[in-house]
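Notes for the one structure printed next.
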Amino acid sequence: MAYDKFNILTTTAVPLPLENVDTDQIIPARFLKATKREGFGDNLFRDWRYNSDDTPKEDFVLNNPIYTGKILVGGKNFGSGSSREHAAWAVYDYGFRCVVSSFFADIFKNNCLNIGVLPVQVSPEFLEQIFTAVYDDPKTEIEVNLPEQTITITSIGAQESFDINSYKKGNMLNGFDDIDYLQNMKGEIEAFAETLPL
Amino acid sequence: MSKTLFDKVWDSHVVRKIEGGPDVFFIDRHFIHEVTSPVAFLGLKNRGVKVLYPERTFATADHNTPTINQHLPVEDPLSANQLKALEENSNEYGISHWGLGHKKNGIVHVVGPENGITFPGATIVCGDSHTSTHGAFGAIAFGIGTSEVEMVLSTQCIMQPKPKKMRINVNGELSKGVTPKDVALYIISQLTTSGATGYFVEYAGDVFENMTMEGRMTVCNLSIEMGARGGMIAPDETTFNYLKDKPLSPKGEEWDKAVAYWKTLKTDEGSTFDKEINIEAKDIEPMITYGTNPGMGIGISKHIPKAEAVEGGVTTFKKSLDYMGYHEDDAMVGKKIDYVFLGSCTNGRIEDFRAFASIVKGRKKAEHVTAWLVPGSHEVEDKIKEEGILDIITEAGFTLRQPGCSACLAMNDDKIPAGKYAVSTSNRNFEGRQGPGSRTLLASPLVAAAAAVTGVVTDPRELL
């Protein structure tokens with residue numbers, strides 16, 4: 001599915017300083033019953049965001065109007081657990097284009113890159129700096145520059161560079177997905193399949 | 001040059017290497033289920049693309065199927081709709097479909113090996129993180145997202161950077177009452193839930209060599225819970241004996257040819273790993289988790305650690321204990337429980353039911369405990385009946401449900417109520433995993449059985 005191109009994103013950020021945020025929290029299993037990719041943002045962090053009677057939990061960050069923006073900043077080992085791409089869809093559908101953490105679970109990171117959410121891994125120290133800056137001033141803007149592969153806390157000028165492989169970077173910059181690439185090498189794939197031992 | 005088992009299988013499936021990018025990786029076997037496939041099929045339709053090799057994909061319904069009255073229409077309209085979508089998509093694209101009511105139906109990671117769809121040296125994916133189970137056969141098997149399900153359907157390939165390699169050696173002899181589940185929970189407790197992220201694991205050493213295929217599947221299944229994409233064990237006679245004469249295993253000359261190839265699938269001497277971990281079997285006791293991720297596990301006789309003694313943030317640790325209603329330094333033995341769940345792709349196989357029966361035999365279910373015993377497949381269900389296990393558990397006051405993922409992720413009606421404690425043989429104790437507000441204690445079938453008959457967390461060694 002096509003997504004918007006990603007270039008430079010400058011926005012405020014939403015802090016969620018918990019570790020091991022798993023995909024069952026990002027989108028609980030009972031909301032995976034759709035056969036279309038629609039409306040997952042409404043259930044992002046459902047059980048942290050709402051009480052069982054569907055009233056908002058006031059102490060959860062997404063219910064705090066002070067914190068807004070297109071960047072979600074999470075603690076270490078963000079996105080662990082299930083392979084459900086619905087977790088990445090929920091993040092995107094809610095309006096985030098970038099998730100920042102000091103460490104990502106593998107499948108979640110992969111899913112994000114496949115659907116147009118940029119996972120940015122920073123050092124634990126830089127992550128702390130972001131949390132501090134955002135808590136000091138929720139209007140603090142973070143700039144994520146994909147062409148330069150840098151992330152900057154604009155208010156204090158602190159900057160770090162981040163890794164992304166050049167193939168995935170190209171995809172994100174252009175809004176391409178892997179299927180486009182694979183479709184164009186079908187002949188090569190079919191020839192390869194013939195050579196397998198079983 | 002000497003190569004690891006993982007290198008041998010990975011390298012033989014790379015169609016193209018992309019400079020500064022992932023490998024184009026060929027997939028031998030693809031499993032699909034009702035939850036993570038509908039949007040992938042929608043993608044195919046939007047692009048007007050066919051399934052390239054329908055014979056390499058296998059569909060089974062498991063995630064949101066009911067575990068009672070499977071002969072009746074599924075009541076939840078959303079679940080029914082997903083099951084219908086799986087059936088229609090499979091029919092439209094010529095994919096084998098084992099839907100609800102089919103005699104081969106069951107949990108994808110149970111029915112795949114049972115039917116010989118899984119084989120050594122294969123590359124296997126599914127839109128489910130516990131696809132790592134199939135690594136028990138010396139396959140590279142891992143979970144993928146829905147975009148990748150669409151890639152496999154349309155091109156039989158995905159794009160993956162090659163992971164780093166880790167070997168986990170467990171040597172020595174396991175003590176009484178220590179099962180493959182305990183081995184895995186022990187490893188995860190040592191490594192944490194992110195300790196193997198970025199790696200593919202090979203399990204080696206006496207303990208795995210002496211393990212049954214069921215046990216190896218339990219261990220490989222839980223690889224994802226330490227962050228690894230997957231884990232694998234070199235195929236040997238145990239593997240070949242398990243696969244021989246399975247419905248879809250090669251036959252006759254083809255079988256001999258296959259076994260000759262499979263015998264080459266082991267790590268050469270002198271191969272190197274990016275990380276190597278050594279564990280002594282004697283250090284492992286029956287395990288139980290006390291928190292909200294699978295790394296928060298301890299030996300059942302131990303006390304919950306203090307926040308300062310645990311790697312990671314104190315806030316996260318305390319939030320976890322608050323959710324569980326537990327405190328630092330609490331003993332686990334004696335904690336009251338309300339539910340017991342035996343089943344899932346982790347522990348829903350015949351051996352797990354044998355283990356459970358070995359403890360409940362001649363005893364009675366604790367009155368206040370609700371127990372859900374859910375076989376992983378109809379084949380497991382049939383064996384439970386044939387081996388007399390059904391009689392034993394019935395005598396002890398338990399009933400047997402029908403196959404499916406059930407309370408492992410509670411997508412169907414099998415939900416643990418808010419605030420209640422469940423000793424569960426499944427794989428995740430995340431907040432709300434088994435139903436909103438549910439509290440999960442992960443453990444082996446023996447620990448589950450001991451809790452089921454005593455109503456509290458109990459060391460199973462006392463009942464063996």
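Letters A, B, ... mark the chains of the structure tokens in the order given; residue numbers begin at 1 per chain; ligand numbers begin at 1, in order shown.
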
Item to check | Residue contacts of region 110-122 of chain B (8 Å, only C-alpha atoms) excluding same-chain residues fewer than 4 positions away, as an MDAnalysis selection string | outcome: chainID B and resid 9 27:29 104:106 134 137:141 235 243 246:249 262 265 345 348:349 376:377

Checklist entry - Which polymer residues have any atom within 9 Å of an atom of region 75-80 of chain B, counting only C-alpha atoms, with same-chain residues fewer than 3 positions away left out, as JSON, numbers by chain? => result {"A": [33, 34, 35], "B": [34, 35, 64, 65, 66, 72, 83, 84, 85, 411, 412, 413]}

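For region 37-41 of chain B, the residues within 9 Å (counting only C-alpha atoms, excluding itself and residues fewer than 5 positions away along the chain) are Ala34, Thr35, Lys36 and Arg37 of chain A; Ile32, Asn46, Gln82, Ala85, Leu86, Asn89, Gly127, Thr146, Ser147, Glu148, Val149, Glu150, Met151 and Leu153 of chain B.
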
Generate the output file for the selected residues, N, CA and C atoms, as an mmCIF file, in the first residue's frame.
data_model
loop_
_atom_site.group_PDB
_atom_site.id
_atom_site.type_symbol
_atom_site.label_atom_id
_atom_site.label_comp_id
_atom_site.auth_asym_id
_atom_site.auth_seq_id
_atom_site.Cartn_x
_atom_site.Cartn_y
_atom_site.Cartn_z
ATOM 1 N N ALA A 34 -10.515 -6.871 11.712
ATOM 2 C CA ALA A 34 -10.935 -6.228 10.471
ATOM 3 C C ALA A 34 -10.384 -6.989 9.264
ATOM 4 N N THR A 35 -11.047 -6.875 8.142
ATOM 5 C CA THR A 35 -10.504 -7.438 6.909
ATOM 6 C C THR A 35 -10.019 -6.317 5.984
ATOM 7 N N LYS A 36 -10.083 -5.088 6.492
ATOM 8 C CA LYS A 36 -9.561 -3.943 5.740
ATOM 9 C C LYS A 36 -8.644 -3.145 6.649
ATOM 10 N N ARG A 37 -7.777 -2.337 6.048
ATOM 11 C CA ARG A 37 -6.867 -1.541 6.861
ATOM 12 C C ARG A 37 -7.497 -0.172 7.113
ATOM 13 N N ILE B 32 -0.673 -19.259 6.220
ATOM 14 C CA ILE B 32 -1.512 -18.080 6.454
ATOM 15 C C ILE B 32 -2.679 -18.455 7.370
ATOM 16 N N ASN B 46 -5.895 -5.208 -5.402
ATOM 17 C CA ASN B 46 -5.699 -3.827 -5.851
ATOM 18 C C ASN B 46 -4.626 -3.717 -6.924
ATOM 19 N N GLN B 82 -13.800 -12.816 9.148
ATOM 20 C CA GLN B 82 -12.401 -13.126 8.841
ATOM 21 C C GLN B 82 -12.242 -14.576 8.380
ATOM 22 N N ALA B 85 -13.409 -14.779 4.890
ATOM 23 C CA ALA B 85 -12.436 -14.162 3.979
ATOM 24 C C ALA B 85 -11.292 -15.134 3.682
ATOM 25 N N LEU B 86 -10.836 -15.850 4.721
ATOM 26 C CA LEU B 86 -9.730 -16.797 4.525
ATOM 27 C C LEU B 86 -10.158 -17.896 3.552
ATOM 28 N N ASN B 89 -10.629 -16.342 -0.035
ATOM 29 C CA ASN B 89 -9.345 -16.005 -0.655
ATOM 30 C C ASN B 89 -8.579 -17.265 -1.048
ATOM 31 N N GLY B 127 2.469 -14.885 8.960
ATOM 32 C CA GLY B 127 2.161 -13.635 9.637
ATOM 33 C C GLY B 127 1.843 -13.900 11.093
ATOM 34 N N THR B 146 2.026 -8.148 7.544
ATOM 35 C CA THR B 146 1.073 -8.369 6.458
ATOM 36 C C THR B 146 1.599 -7.902 5.093
ATOM 37 N N SER B 147 2.375 -6.817 5.078
ATOM 38 C CA SER B 147 2.965 -6.381 3.799
ATOM 39 C C SER B 147 3.820 -7.504 3.223
ATOM 40 N N GLU B 148 4.528 -8.197 4.119
ATOM 41 C CA GLU B 148 5.382 -9.298 3.669
ATOM 42 C C GLU B 148 4.566 -10.523 3.261
ATOM 43 N N VAL B 149 3.428 -10.728 3.916
ATOM 44 C CA VAL B 149 2.535 -11.816 3.489
ATOM 45 C C VAL B 149 2.151 -11.581 2.025
ATOM 46 N N GLU B 150 1.854 -10.325 1.723
ATOM 47 C CA GLU B 150 1.506 -9.978 0.336
ATOM 48 C C GLU B 150 2.685 -10.227 -0.610
ATOM 49 N N MET B 151 3.898 -9.907 -0.137
ATOM 50 C CA MET B 151 5.092 -10.144 -0.968
ATOM 51 C C MET B 151 5.253 -11.629 -1.267
ATOM 52 N N LEU B 153 2.948 -14.011 -1.155
ATOM 53 C CA LEU B 153 1.881 -14.481 -2.038
ATOM 54 C C LEU B 153 2.194 -14.120 -3.492
#

Checklist entry - What lies within 8 Å of region 320-323 of chain B using only C-alpha atoms, ignoring chain neighbours under 5 positions off, as a ChimeraX atom specification? => result /B:290-292,328,431,439

Next on the checklist: Distance cut-off 7 Å, counting only C-alpha atoms - which residues of chain A neighbour chain B? Return them as JSON, numbers by chain.
Outcome noted: {"A": [1, 18, 19, 24, 29, 30, 32, 33, 34, 35, 36, 37, 77, 81, 82, 83, 84, 85, 105, 106, 107, 111, 114, 165, 166, 167, 179, 182, 183, 186, 189, 192]}
